[in-house]
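Worksheet for the structure shown next.
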Amino acid sequence: MEYLKIIGGNDISGSVEISGAKNAALPLIACTILGNNEITIGNLPNVVDINTFLKLIKKLGGTFEKDGNSVKINTSTINNTTATYDIVKTMRASILVLGPILARFGVCEVSLPGGCAIGQRPVDLHLKALEQMGAKIEILHGYIRATAPNGLKGAKIVFDKVTVGGTENTVMAAALAHGTTTIINAAKEPEIVQLCEVLANSGVNIQGIGTSKIIIEGTAQKLLEIKNFDVIPDRIEAGTYMCAAAIKNQKVKIEKVIPLHLEAVISKLEEMGFEILQDENSVTILPTTQIKPVNIITTEYPGFPTDMQAQFMALATQANGTSTIDERLFENRFMHVSELLRLGADIHLNGNTATINGKAGTLNGTDVMATDLRASSALVLAALVANGETNIHRIYHLDRGYENLEGKLSLIGADVKRFTE
């Protein structure tokens, strides 16, 4: 099993280029199931989750040719409508094939994804939406079996709470449905915006893109001619490197980003005293005379993202004062706290609220263990300012969502190396 060894204390400077967004690429790969042609996707991040999803496409009968950060996908040959447990157990995003397969073939079976390290994320809202569109849903032997032999029908879907995956599945299902589907309380993340834009460019009439009310005119099971496209930059990867610059309190330029997608992160960094320079495709973090404490509440986009909570907790350990983080979206997303405590952090938990008493220079290197994807990056950030050597184990979590993290950090001066235990 591989691990990262990080020697704290090195200065960092220069620039980091951001890869494509994993959370955009996954539903975009799923949406190719709605097409009848070969599609080239560019700026694809080279991370484990993407490779897993491509394996799922192949198991369904599709084909792909991957060349670096580009892939050619052809799903016109799909002849299998079952996403089996061996794939789904490793990646919850496999549920995203449910909507497009059902819309195209009238039947789909997907293994129940179950819980994950950051808490239960049930798919009931996905299933309820598909039922409202005429699907019959059964749970049999650990599988979701959905059938709509005459095709899905447009419906008015009102989500009880904002759901990113549920919105994505419903949008894809609606693209091939008979009639008009209206989604109320839709998620507004940039990843959903790109999904809608790709479908709109492929002939689907979609109104309200980027708003909480999306209206989709279905094609009545007529497959799409999907145009080639590039995946948008990863705003969470960008935010992570911004926090790396901030925790080291040194100037770093983050390139190949969309600053609009980073507004909530930029706002909090500015509250902490950092000046952020922006241009069309980059942001630059400038050092501050004093890192100020901050109060954060995670919420849906465009609010502060839950996927940046752990990184800001690491940063808050270096602030001059007490910060609080209130996690509103997931019930079990503070597992990195115990590992930050091992490094010497002063953090107290009360339910879903963490209180961080910051003081620069108090972290000391030791062995720590990654517990989920974003928790892993928080430990990397903390190790950059810890005294001595930190070994981060179970970094397969990191590899799910960060492309060449140790390489990118090394390029700006950090002492980060990968070893095999």
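Going through the structure tokens in order, the chains are called A, B, and so on, while each chain numbers its residues from 1 and the ligands are numbered from 1 in the order shown.
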
DSSP-assigned strand (DSSP E) among range 97-268 of chain A, expressed as a PyMOL selection string
chain A and resi 107-111+136-140+143-147+156-158+180-184+205-207+213-217+229-230+252-255

When you look at Val265 in chain A with a cut-off of 12 Å (counting only C-alpha atoms), what residues show up, excluding the ones that are within fewer than 5 positions of it in the same chain? I need them as a VMD selection string.
chain A and resid 235 to 243 246 259 to 260 270 to 272 274 276 283 285 294 296 to 298 301 to 309 311 to 312

Residues of the last selection are to be written out with N, CA, C and O atoms, as a short mmCIF file (atom, residue, chain, number, x, y, z; two decimals), in the first residue's frame.
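Written output follows (again-v2.cif):
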data_model
loop_
_atom_site.label_atom_id
_atom_site.label_comp_id
_atom_site.auth_asym_id
_atom_site.auth_seq_id
_atom_site.Cartn_x
_atom_site.Cartn_y
_atom_site.Cartn_z
N ARG A 235 -12.94 22.91 -9.34
CA ARG A 235 -12.94 24.01 -8.37
C ARG A 235 -12.49 23.54 -6.98
O ARG A 235 -11.95 24.34 -6.19
N ILE A 236 -12.66 22.26 -6.67
CA ILE A 236 -12.23 21.76 -5.36
C ILE A 236 -10.72 21.56 -5.35
O ILE A 236 -10.04 21.88 -4.37
N GLU A 237 -10.17 21.04 -6.44
CA GLU A 237 -8.71 20.95 -6.54
C GLU A 237 -8.09 22.34 -6.47
O GLU A 237 -7.10 22.57 -5.76
N ALA A 238 -8.70 23.29 -7.18
CA ALA A 238 -8.19 24.67 -7.16
C ALA A 238 -8.23 25.22 -5.74
O ALA A 238 -7.25 25.83 -5.27
N GLY A 239 -9.34 25.03 -5.05
CA GLY A 239 -9.46 25.51 -3.68
C GLY A 239 -8.44 24.88 -2.76
O GLY A 239 -7.92 25.53 -1.83
N THR A 240 -8.13 23.61 -2.99
CA THR A 240 -7.15 22.92 -2.16
C THR A 240 -5.76 23.55 -2.31
O THR A 240 -5.06 23.79 -1.32
N TYR A 241 -5.36 23.85 -3.55
CA TYR A 241 -4.05 24.49 -3.75
C TYR A 241 -4.05 25.93 -3.27
O TYR A 241 -3.01 26.44 -2.84
N MET A 242 -5.19 26.59 -3.33
CA MET A 242 -5.28 27.93 -2.74
C MET A 242 -5.03 27.85 -1.24
O MET A 242 -4.34 28.69 -0.66
N CYS A 243 -5.57 26.82 -0.61
CA CYS A 243 -5.34 26.63 0.83
C CYS A 243 -3.90 26.25 1.13
O CYS A 243 -3.37 26.58 2.20
N ALA A 246 -2.18 29.44 1.20
CA ALA A 246 -2.59 30.19 2.39
C ALA A 246 -1.95 29.63 3.67
O ALA A 246 -1.48 30.38 4.53
N PRO A 259 -12.57 31.57 -12.02
CA PRO A 259 -12.70 32.26 -10.72
C PRO A 259 -14.13 32.37 -10.22
O PRO A 259 -14.37 32.31 -9.00
N LEU A 260 -15.11 32.48 -11.12
CA LEU A 260 -16.50 32.58 -10.71
C LEU A 260 -16.93 31.38 -9.88
O LEU A 260 -17.73 31.50 -8.94
N GLU A 270 -10.27 35.83 1.81
CA GLU A 270 -10.16 37.28 2.01
C GLU A 270 -10.52 37.65 3.45
O GLU A 270 -9.88 38.51 4.05
N GLU A 271 -11.53 36.97 4.02
CA GLU A 271 -11.87 37.20 5.43
C GLU A 271 -10.69 36.88 6.33
O GLU A 271 -10.51 37.50 7.39
N MET A 272 -9.87 35.90 5.91
CA MET A 272 -8.73 35.49 6.72
C MET A 272 -7.51 36.38 6.49
O MET A 272 -6.45 36.13 7.07
N PHE A 274 -6.11 37.34 3.36
CA PHE A 274 -5.33 37.17 2.13
C PHE A 274 -5.88 38.05 1.01
O PHE A 274 -7.10 38.22 0.88
N ILE A 276 -6.44 38.25 -2.93
CA ILE A 276 -6.55 37.33 -4.05
C ILE A 276 -6.62 38.13 -5.34
O ILE A 276 -7.55 38.94 -5.53
N VAL A 283 -6.09 32.60 -10.45
CA VAL A 283 -6.14 33.38 -9.21
C VAL A 283 -4.76 33.28 -8.56
O VAL A 283 -4.09 32.26 -8.65
N ILE A 285 -2.73 33.96 -4.87
CA ILE A 285 -2.86 34.22 -3.44
C ILE A 285 -1.61 34.94 -2.97
O ILE A 285 -0.48 34.46 -3.19
N VAL A 294 -11.76 32.38 11.14
CA VAL A 294 -12.90 32.47 10.24
C VAL A 294 -14.03 31.59 10.75
O VAL A 294 -13.78 30.59 11.45
N ILE A 296 -17.27 29.34 9.33
CA ILE A 296 -17.73 28.74 8.07
C ILE A 296 -18.96 27.88 8.32
O ILE A 296 -19.03 27.12 9.30
N ILE A 297 -19.94 28.00 7.44
CA ILE A 297 -21.10 27.11 7.41
C ILE A 297 -21.16 26.51 6.02
O ILE A 297 -21.24 27.23 5.02
N THR A 298 -21.11 25.19 5.93
CA THR A 298 -21.19 24.55 4.61
C THR A 298 -22.63 24.54 4.13
O THR A 298 -23.57 24.36 4.91
N TYR A 301 -24.10 24.97 -3.34
CA TYR A 301 -23.60 26.01 -4.24
C TYR A 301 -24.72 27.01 -4.52
O TYR A 301 -25.87 26.62 -4.70
N PRO A 302 -24.42 28.32 -4.49
CA PRO A 302 -23.08 28.95 -4.49
C PRO A 302 -22.51 29.21 -3.11
O PRO A 302 -21.59 30.03 -2.98
N GLY A 303 -23.03 28.58 -2.08
CA GLY A 303 -22.48 28.74 -0.74
C GLY A 303 -21.16 28.02 -0.58
O GLY A 303 -20.60 27.47 -1.53
N PHE A 304 -20.66 27.98 0.66
CA PHE A 304 -19.36 27.36 0.91
C PHE A 304 -19.45 25.84 0.75
O PHE A 304 -20.29 25.19 1.39
N PRO A 305 -18.59 25.23 -0.07
CA PRO A 305 -18.71 23.80 -0.37
C PRO A 305 -18.24 22.89 0.75
O PRO A 305 -17.17 23.12 1.35
N THR A 306 -19.02 21.86 1.02
CA THR A 306 -18.61 20.88 2.02
C THR A 306 -17.29 20.22 1.66
O THR A 306 -16.52 19.82 2.53
N ASP A 307 -16.99 20.13 0.35
CA ASP A 307 -15.74 19.50 -0.09
C ASP A 307 -14.50 20.35 0.21
O ASP A 307 -13.38 19.90 -0.01
N MET A 308 -14.69 21.59 0.72
CA MET A 308 -13.55 22.42 1.12
C MET A 308 -13.45 22.57 2.63
O MET A 308 -12.55 23.25 3.12
N GLN A 309 -14.37 21.96 3.34
CA GLN A 309 -14.41 22.13 4.81
C GLN A 309 -13.13 21.62 5.49
O GLN A 309 -12.56 22.28 6.36
N GLN A 311 -10.09 21.18 4.28
CA GLN A 311 -8.91 21.97 3.93
C GLN A 311 -8.87 23.26 4.75
O GLN A 311 -7.81 23.69 5.21
N PHE A 312 -10.03 23.90 4.92
CA PHE A 312 -10.06 25.13 5.71
C PHE A 312 -9.85 24.84 7.19
O PHE A 312 -9.34 25.69 7.92
#

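Interatomic distance, CA of Val110 in chain A against CA of Met91 in chain A: 12.2 Å.
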
Would you list the contacts of range 128-135 of chain A as a compact mmCIF listing (two decimals) with C-alpha atoms, in the first residue's frame, taking every protein, DNA or RNA residue within 9 Å and counting only C-alpha atoms, but skipping same-chain residues closer than 4 positions in sequence?
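Wrote around-v6.txt, looks like this:
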# COMPACT_ATOMS: atom_id res chain seq x y z
CA GLY A 99 -31.29 7.69 -15.33
CA LEU A 102 -33.53 3.64 -17.99
CA GLY A 106 -36.72 1.18 -20.48
CA VAL A 107 -34.99 -1.03 -17.91
CA VAL A 123 -30.71 7.72 -3.35
CA ASP A 124 -34.38 7.98 -2.40
CA ALA A 146 -36.21 0.26 -12.61
CA THR A 147 -38.54 -0.40 -15.52
CA ALA A 148 -40.42 1.88 -17.92
CA PRO A 149 -41.21 -0.30 -20.95
CA GLY A 151 -40.42 5.09 -21.94
CA LEU A 152 -40.30 7.76 -19.26
CA LYS A 153 -42.82 10.60 -19.30
CA GLY A 154 -42.21 14.23 -18.46
CA ALA A 155 -43.28 15.30 -14.97
CA LYS A 156 -42.99 18.07 -12.43
CA ILE A 157 -40.31 17.07 -9.93
CA VAL A 158 -40.07 18.98 -6.67
CA PHE A 159 -37.04 17.95 -4.63
CA GLY A 166 -30.55 13.43 -7.99
CA ASN A 169 -29.92 11.66 -12.86
CA THR A 170 -33.23 13.42 -13.44
CA ALA A 173 -33.53 10.79 -17.73
CA ALA A 174 -35.65 13.75 -18.84
CA ALA A 177 -38.40 11.27 -21.92
CA THR A 181 -39.96 17.69 -17.24

Just give me the gap between CA of Thr284 in chain A and CA of Val252 in chain A in Å, one decimal is fine.
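Going from CA of Thr284 in chain A over to CA of Val252 in chain A, I get 5.7 Å.
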
Restricting to only C-alpha atoms, whichever of A:Ile325, A:Leu140, A:Ala24, A:Met1 is closest to Asp234 in chain A is A:Ala24

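CA of Ser323 in chain A lies 20.0 Å from CA of Leu384 in chain A.
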
Output as a ChimeraX atom specification all residues of range 49-284 of chain A that backbone DSSP marks as helix (DSSP H, G or I).
/A:49-59,85-88,92-105,124-132,164-175,190-201,235-248,259-271

In terms of only C-alpha atoms, the residue from A:Ile95, A:Ile192, A:Val164, A:Leu405 at minimal distance from Ile232 in chain A is A:Ile192

Contact residues around Val47 in chain A with only C-alpha atoms at 12 Å, ignoring same-chain residues under 6 positions, as a ChimeraX atom specification
/A:19-23,25-26,53-54,68-69,373,396-405

Written selection (N, CA, C and O atoms) as a PDB file, in the first residue's frame:
ATOM      1  N   SER A  19      -6.489  20.493 -12.957  1.00  0.00           N
ATOM      2  CA  SER A  19      -7.009  19.478 -13.872  1.00  0.00           C
ATOM      3  C   SER A  19      -8.519  19.638 -14.041  1.00  0.00           C
ATOM      4  O   SER A  19      -9.158  20.459 -13.390  1.00  0.00           O
ATOM      5  N   GLY A  20      -9.084  18.819 -14.908  1.00  0.00           N
ATOM      6  CA  GLY A  20     -10.529  18.811 -15.096  1.00  0.00           C
ATOM      7  C   GLY A  20     -11.233  18.322 -13.847  1.00  0.00           C
ATOM      8  O   GLY A  20     -10.664  17.604 -13.022  1.00  0.00           O
ATOM      9  N   ALA A  21     -12.498  18.698 -13.722  1.00  0.00           N
ATOM     10  CA  ALA A  21     -13.263  18.405 -12.512  1.00  0.00           C
ATOM     11  C   ALA A  21     -13.799  16.973 -12.524  1.00  0.00           C
ATOM     12  O   ALA A  21     -14.596  16.610 -13.392  1.00  0.00           O
ATOM     13  N   LYS A  22     -13.372  16.200 -11.550  1.00  0.00           N
ATOM     14  CA  LYS A  22     -13.883  14.832 -11.410  1.00  0.00           C
ATOM     15  C   LYS A  22     -15.403  14.827 -11.292  1.00  0.00           C
ATOM     16  O   LYS A  22     -16.090  14.015 -11.924  1.00  0.00           O
ATOM     17  N   ASN A  23     -15.946  15.728 -10.476  1.00  0.00           N
ATOM     18  CA  ASN A  23     -17.382  15.714 -10.222  1.00  0.00           C
ATOM     19  C   ASN A  23     -18.204  16.208 -11.414  1.00  0.00           C
ATOM     20  O   ASN A  23     -19.424  16.034 -11.445  1.00  0.00           O
ATOM     21  N   ALA A  25     -16.869  15.413 -14.654  1.00  0.00           N
ATOM     22  CA  ALA A  25     -16.578  14.371 -15.641  1.00  0.00           C
ATOM     23  C   ALA A  25     -17.452  13.127 -15.452  1.00  0.00           C
ATOM     24  O   ALA A  25     -17.864  12.508 -16.440  1.00  0.00           O
ATOM     25  N   LEU A  26     -17.741  12.758 -14.211  1.00  0.00           N
ATOM     26  CA  LEU A  26     -18.495  11.526 -13.976  1.00  0.00           C
ATOM     27  C   LEU A  26     -19.901  11.571 -14.590  1.00  0.00           C
ATOM     28  O   LEU A  26     -20.262  10.672 -15.362  1.00  0.00           O
ATOM     29  N   PHE A  53     -15.159   4.558 -13.658  1.00  0.00           N
ATOM     30  CA  PHE A  53     -16.394   4.804 -14.396  1.00  0.00           C
ATOM     31  C   PHE A  53     -16.256   4.348 -15.847  1.00  0.00           C
ATOM     32  O   PHE A  53     -17.210   3.815 -16.436  1.00  0.00           O
ATOM     33  N   LEU A  54     -15.084   4.529 -16.428  1.00  0.00           N
ATOM     34  CA  LEU A  54     -14.859   4.052 -17.784  1.00  0.00           C
ATOM     35  C   LEU A  54     -14.935   2.523 -17.852  1.00  0.00           C
ATOM     36  O   LEU A  54     -15.448   1.953 -18.830  1.00  0.00           O
ATOM     37  N   GLY A  68      -3.984   9.947 -22.427  1.00  0.00           N
ATOM     38  CA  GLY A  68      -3.664  11.032 -21.498  1.00  0.00           C
ATOM     39  C   GLY A  68      -4.921  11.584 -20.862  1.00  0.00           C
ATOM     40  O   GLY A  68      -5.665  10.860 -20.187  1.00  0.00           O
ATOM     41  N   ASN A  69      -5.184  12.868 -21.089  1.00  0.00           N
ATOM     42  CA  ASN A  69      -6.350  13.508 -20.496  1.00  0.00           C
ATOM     43  C   ASN A  69      -7.507  13.649 -21.482  1.00  0.00           C
ATOM     44  O   ASN A  69      -8.375  14.515 -21.342  1.00  0.00           O
ATOM     45  N   LEU A 373     -11.649  11.237   0.793  1.00  0.00           N
ATOM     46  CA  LEU A 373     -10.912  12.012  -0.213  1.00  0.00           C
ATOM     47  C   LEU A 373     -10.476  13.382   0.290  1.00  0.00           C
ATOM     48  O   LEU A 373      -9.298  13.736   0.246  1.00  0.00           O
ATOM     49  N   TYR A 396      -4.960   5.968  -1.187  1.00  0.00           N
ATOM     50  CA  TYR A 396      -5.848   5.621  -2.297  1.00  0.00           C
ATOM     51  C   TYR A 396      -7.075   6.529  -2.285  1.00  0.00           C
ATOM     52  O   TYR A 396      -7.702   6.746  -3.332  1.00  0.00           O
ATOM     53  N   HIS A 397      -7.415   7.070  -1.123  1.00  0.00           N
ATOM     54  CA  HIS A 397      -8.498   8.060  -1.068  1.00  0.00           C
ATOM     55  C   HIS A 397      -8.126   9.295  -1.892  1.00  0.00           C
ATOM     56  O   HIS A 397      -8.941   9.821  -2.666  1.00  0.00           O
ATOM     57  N   LEU A 398      -6.901   9.779  -1.717  1.00  0.00           N
ATOM     58  CA  LEU A 398      -6.424  10.945  -2.474  1.00  0.00           C
ATOM     59  C   LEU A 398      -6.465  10.690  -3.972  1.00  0.00           C
ATOM     60  O   LEU A 398      -6.857  11.556  -4.769  1.00  0.00           O
ATOM     61  N   ASP A 399      -6.046   9.492  -4.370  1.00  0.00           N
ATOM     62  CA  ASP A 399      -5.933   9.175  -5.786  1.00  0.00           C
ATOM     63  C   ASP A 399      -7.292   9.107  -6.477  1.00  0.00           C
ATOM     64  O   ASP A 399      -7.365   9.146  -7.706  1.00  0.00           O
ATOM     65  N   ARG A 400      -8.354   9.036  -5.709  1.00  0.00           N
ATOM     66  CA  ARG A 400      -9.695   9.042  -6.297  1.00  0.00           C
ATOM     67  C   ARG A 400     -10.018  10.394  -6.927  1.00  0.00           C
ATOM     68  O   ARG A 400     -10.819  10.456  -7.862  1.00  0.00           O
ATOM     69  N   GLY A 401      -9.419  11.477  -6.425  1.00  0.00           N
ATOM     70  CA  GLY A 401      -9.862  12.787  -6.882  1.00  0.00           C
ATOM     71  C   GLY A 401      -8.787  13.811  -7.190  1.00  0.00           C
ATOM     72  O   GLY A 401      -9.110  14.898  -7.679  1.00  0.00           O
ATOM     73  N   TYR A 402      -7.509  13.502  -6.902  1.00  0.00           N
ATOM     74  CA  TYR A 402      -6.433  14.468  -7.173  1.00  0.00           C
ATOM     75  C   TYR A 402      -5.446  13.857  -8.160  1.00  0.00           C
ATOM     76  O   TYR A 402      -4.878  12.795  -7.902  1.00  0.00           O
ATOM     77  N   GLU A 403      -5.228  14.550  -9.273  1.00  0.00           N
ATOM     78  CA  GLU A 403      -4.293  14.080 -10.277  1.00  0.00           C
ATOM     79  C   GLU A 403      -2.886  14.569  -9.943  1.00  0.00           C
ATOM     80  O   GLU A 403      -2.644  15.769  -9.845  1.00  0.00           O
ATOM     81  N   ASN A 404      -1.985  13.610  -9.728  1.00  0.00           N
ATOM     82  CA  ASN A 404      -0.557  13.911  -9.548  1.00  0.00           C
ATOM     83  C   ASN A 404      -0.322  14.955  -8.457  1.00  0.00           C
ATOM     84  O   ASN A 404       0.430  15.914  -8.643  1.00  0.00           O
ATOM     85  N   LEU A 405      -0.952  14.772  -7.309  1.00  0.00           N
ATOM     86  CA  LEU A 405      -0.854  15.765  -6.241  1.00  0.00           C
ATOM     87  C   LEU A 405       0.583  15.979  -5.792  1.00  0.00           C
ATOM     88  O   LEU A 405       1.038  17.121  -5.643  1.00  0.00           O
TER      89      LEU A 405
END

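Residue nearest Leu315 in chain A, chosen from A:Ile78, A:Gly179, A:Ile73, A:Ala386 and counting only C-alpha atoms: A:Ala386.
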
Do a neighbour search on Pro293 in chain A at 8 Å with only C-alpha atoms, toss out local chain neighbours closer than 2 positions, and write the hits as a ChimeraX atom specification.
/A:272,291,295,316,319-323,358

Same residues, N, CA, C and O atoms, output as a PDB file, in the first residue's frame:
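The result, written out as selection.pdb:
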ATOM      1  N   MET A 272      -9.874  35.904   5.911  1.00  0.00           N
ATOM      2  CA  MET A 272      -8.726  35.490   6.718  1.00  0.00           C
ATOM      3  C   MET A 272      -7.512  36.381   6.495  1.00  0.00           C
ATOM      4  O   MET A 272      -6.447  36.133   7.073  1.00  0.00           O
ATOM      5  N   ILE A 291      -2.769  35.683   9.674  1.00  0.00           N
ATOM      6  CA  ILE A 291      -3.901  34.844   9.259  1.00  0.00           C
ATOM      7  C   ILE A 291      -5.000  34.971  10.306  1.00  0.00           C
ATOM      8  O   ILE A 291      -4.806  34.618  11.474  1.00  0.00           O
ATOM      9  N   ASN A 295     -15.256  31.940  10.427  1.00  0.00           N
ATOM     10  CA  ASN A 295     -16.427  31.108  10.740  1.00  0.00           C
ATOM     11  C   ASN A 295     -17.043  30.641   9.429  1.00  0.00           C
ATOM     12  O   ASN A 295     -17.318  31.445   8.536  1.00  0.00           O
ATOM     13  N   ALA A 316      -7.175  26.721   9.376  1.00  0.00           N
ATOM     14  CA  ALA A 316      -7.562  27.408  10.610  1.00  0.00           C
ATOM     15  C   ALA A 316      -6.626  27.090  11.775  1.00  0.00           C
ATOM     16  O   ALA A 316      -6.529  27.869  12.722  1.00  0.00           O
ATOM     17  N   ALA A 319      -4.325  29.974  12.077  1.00  0.00           N
ATOM     18  CA  ALA A 319      -4.877  31.323  12.260  1.00  0.00           C
ATOM     19  C   ALA A 319      -4.574  31.847  13.656  1.00  0.00           C
ATOM     20  O   ALA A 319      -4.326  31.083  14.595  1.00  0.00           O
ATOM     21  N   ASN A 320      -4.632  33.145  13.784  1.00  0.00           N
ATOM     22  CA  ASN A 320      -4.377  33.792  15.064  1.00  0.00           C
ATOM     23  C   ASN A 320      -5.712  34.000  15.785  1.00  0.00           C
ATOM     24  O   ASN A 320      -6.270  35.094  15.802  1.00  0.00           O
ATOM     25  N   GLY A 321      -6.228  32.920  16.385  1.00  0.00           N
ATOM     26  CA  GLY A 321      -7.503  33.010  17.077  1.00  0.00           C
ATOM     27  C   GLY A 321      -8.350  31.766  16.845  1.00  0.00           C
ATOM     28  O   GLY A 321      -7.874  30.753  16.329  1.00  0.00           O
ATOM     29  N   THR A 322      -9.607  31.846  17.224  1.00  0.00           N
ATOM     30  CA  THR A 322     -10.510  30.700  17.206  1.00  0.00           C
ATOM     31  C   THR A 322     -11.473  30.758  16.020  1.00  0.00           C
ATOM     32  O   THR A 322     -12.167  31.756  15.822  1.00  0.00           O
ATOM     33  N   SER A 323     -11.505  29.677  15.248  1.00  0.00           N
ATOM     34  CA  SER A 323     -12.401  29.547  14.098  1.00  0.00           C
ATOM     35  C   SER A 323     -13.462  28.494  14.397  1.00  0.00           C
ATOM     36  O   SER A 323     -13.269  27.611  15.242  1.00  0.00           O
ATOM     37  N   GLY A 358      -6.464  28.230  16.734  1.00  0.00           N
ATOM     38  CA  GLY A 358      -5.301  28.287  15.861  1.00  0.00           C
ATOM     39  C   GLY A 358      -4.084  28.912  16.516  1.00  0.00           C
ATOM     40  O   GLY A 358      -4.202  29.786  17.369  1.00  0.00           O
TER      41      GLY A 358
END

Closest of A:Leu363, A:Val97, A:Val193, A:Ile18 to Pro233 in chain A - atom-to-atom distances counting only C-alpha atoms
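Among the listed residues, A:Ile18 lies closest to Pro233 in chain A.
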
Let me make sure I understand: among A:Leu98, A:Ile258, A:Met335, A:Ala245, which one has the smallest atom-to-atom distance to Gly413 in chain A if we use only C-alpha atoms?
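So, comparing all the options, the nearest one is A:Ala245.
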
Which neighbours of Asn201 in chain A fall inside 12 Å, counting only C-alpha atoms, when residues of the same chain fewer than 2 positions from it are skipped, and could you give them as a PDB file with N, CA, C and O atoms, in the first residue's frame?
ATOM      1  N   GLN A 194     -22.654  22.430 -16.560  1.00  0.00           N
ATOM      2  CA  GLN A 194     -21.990  21.882 -17.746  1.00  0.00           C
ATOM      3  C   GLN A 194     -22.755  20.698 -18.323  1.00  0.00           C
ATOM      4  O   GLN A 194     -22.874  20.569 -19.546  1.00  0.00           O
ATOM      5  N   LEU A 195     -23.284  19.842 -17.464  1.00  0.00           N
ATOM      6  CA  LEU A 195     -24.087  18.716 -17.954  1.00  0.00           C
ATOM      7  C   LEU A 195     -25.245  19.225 -18.810  1.00  0.00           C
ATOM      8  O   LEU A 195     -25.489  18.719 -19.917  1.00  0.00           O
ATOM      9  N   CYS A 196     -25.958  20.221 -18.313  1.00  0.00           N
ATOM     10  CA  CYS A 196     -27.088  20.787 -19.065  1.00  0.00           C
ATOM     11  C   CYS A 196     -26.618  21.423 -20.365  1.00  0.00           C
ATOM     12  O   CYS A 196     -27.278  21.288 -21.411  1.00  0.00           O
ATOM     13  N   GLU A 197     -25.482  22.111 -20.318  1.00  0.00           N
ATOM     14  CA  GLU A 197     -24.967  22.766 -21.526  1.00  0.00           C
ATOM     15  C   GLU A 197     -24.581  21.748 -22.592  1.00  0.00           C
ATOM     16  O   GLU A 197     -24.833  21.954 -23.791  1.00  0.00           O
ATOM     17  N   VAL A 198     -23.958  20.649 -22.176  1.00  0.00           N
ATOM     18  CA  VAL A 198     -23.580  19.601 -23.132  1.00  0.00           C
ATOM     19  C   VAL A 198     -24.836  19.002 -23.775  1.00  0.00           C
ATOM     20  O   VAL A 198     -24.887  18.796 -25.001  1.00  0.00           O
ATOM     21  N   LEU A 199     -25.865  18.738 -22.979  1.00  0.00           N
ATOM     22  CA  LEU A 199     -27.110  18.187 -23.528  1.00  0.00           C
ATOM     23  C   LEU A 199     -27.802  19.200 -24.438  1.00  0.00           C
ATOM     24  O   LEU A 199     -28.336  18.844 -25.495  1.00  0.00           O
ATOM     25  N   GLY A 203     -28.823  19.091 -28.782  1.00  0.00           N
ATOM     26  CA  GLY A 203     -30.169  19.128 -29.331  1.00  0.00           C
ATOM     27  C   GLY A 203     -31.306  19.070 -28.345  1.00  0.00           C
ATOM     28  O   GLY A 203     -32.477  19.126 -28.745  1.00  0.00           O
ATOM     29  N   VAL A 204     -31.015  18.980 -27.050  1.00  0.00           N
ATOM     30  CA  VAL A 204     -32.075  18.943 -26.044  1.00  0.00           C
ATOM     31  C   VAL A 204     -32.454  20.376 -25.668  1.00  0.00           C
ATOM     32  O   VAL A 204     -31.576  21.190 -25.357  1.00  0.00           O
ATOM     33  N   ASN A 205     -33.730  20.666 -25.680  1.00  0.00           N
ATOM     34  CA  ASN A 205     -34.206  22.002 -25.301  1.00  0.00           C
ATOM     35  C   ASN A 205     -34.268  22.082 -23.782  1.00  0.00           C
ATOM     36  O   ASN A 205     -35.109  21.444 -23.146  1.00  0.00           O
ATOM     37  N   ILE A 206     -33.351  22.862 -23.193  1.00  0.00           N
ATOM     38  CA  ILE A 206     -33.289  23.005 -21.726  1.00  0.00           C
ATOM     39  C   ILE A 206     -33.335  24.487 -21.383  1.00  0.00           C
ATOM     40  O   ILE A 206     -32.557  25.283 -21.906  1.00  0.00           O
ATOM     41  N   LEU A 224     -29.234  11.063 -28.915  1.00  0.00           N
ATOM     42  CA  LEU A 224     -28.646  12.363 -29.214  1.00  0.00           C
ATOM     43  C   LEU A 224     -27.373  12.224 -30.042  1.00  0.00           C
ATOM     44  O   LEU A 224     -26.682  11.196 -29.999  1.00  0.00           O
ATOM     45  N   GLU A 225     -27.050  13.265 -30.770  1.00  0.00           N
ATOM     46  CA  GLU A 225     -25.752  13.403 -31.431  1.00  0.00           C
ATOM     47  C   GLU A 225     -24.935  14.333 -30.537  1.00  0.00           C
ATOM     48  O   GLU A 225     -25.009  15.562 -30.648  1.00  0.00           O
ATOM     49  N   ILE A 226     -24.193  13.749 -29.603  1.00  0.00           N
ATOM     50  CA  ILE A 226     -23.506  14.545 -28.589  1.00  0.00           C
ATOM     51  C   ILE A 226     -22.212  15.111 -29.158  1.00  0.00           C
ATOM     52  O   ILE A 226     -21.398  14.393 -29.745  1.00  0.00           O
ATOM     53  N   LYS A 227     -22.031  16.405 -28.982  1.00  0.00           N
ATOM     54  CA  LYS A 227     -20.845  17.097 -29.489  1.00  0.00           C
ATOM     55  C   LYS A 227     -19.649  16.857 -28.557  1.00  0.00           C
ATOM     56  O   LYS A 227     -19.805  16.629 -27.360  1.00  0.00           O
ATOM     57  N   ASN A 228     -18.451  16.925 -29.114  1.00  0.00           N
ATOM     58  CA  ASN A 228     -17.234  16.822 -28.310  1.00  0.00           C
ATOM     59  C   ASN A 228     -17.144  18.011 -27.352  1.00  0.00           C
ATOM     60  O   ASN A 228     -17.631  19.108 -27.654  1.00  0.00           O
ATOM     61  N   PHE A 229     -16.502  17.817 -26.210  1.00  0.00           N
ATOM     62  CA  PHE A 229     -16.395  18.899 -25.233  1.00  0.00           C
ATOM     63  C   PHE A 229     -15.206  18.658 -24.308  1.00  0.00           C
ATOM     64  O   PHE A 229     -14.662  17.549 -24.241  1.00  0.00           O
TER      65      PHE A 229
END
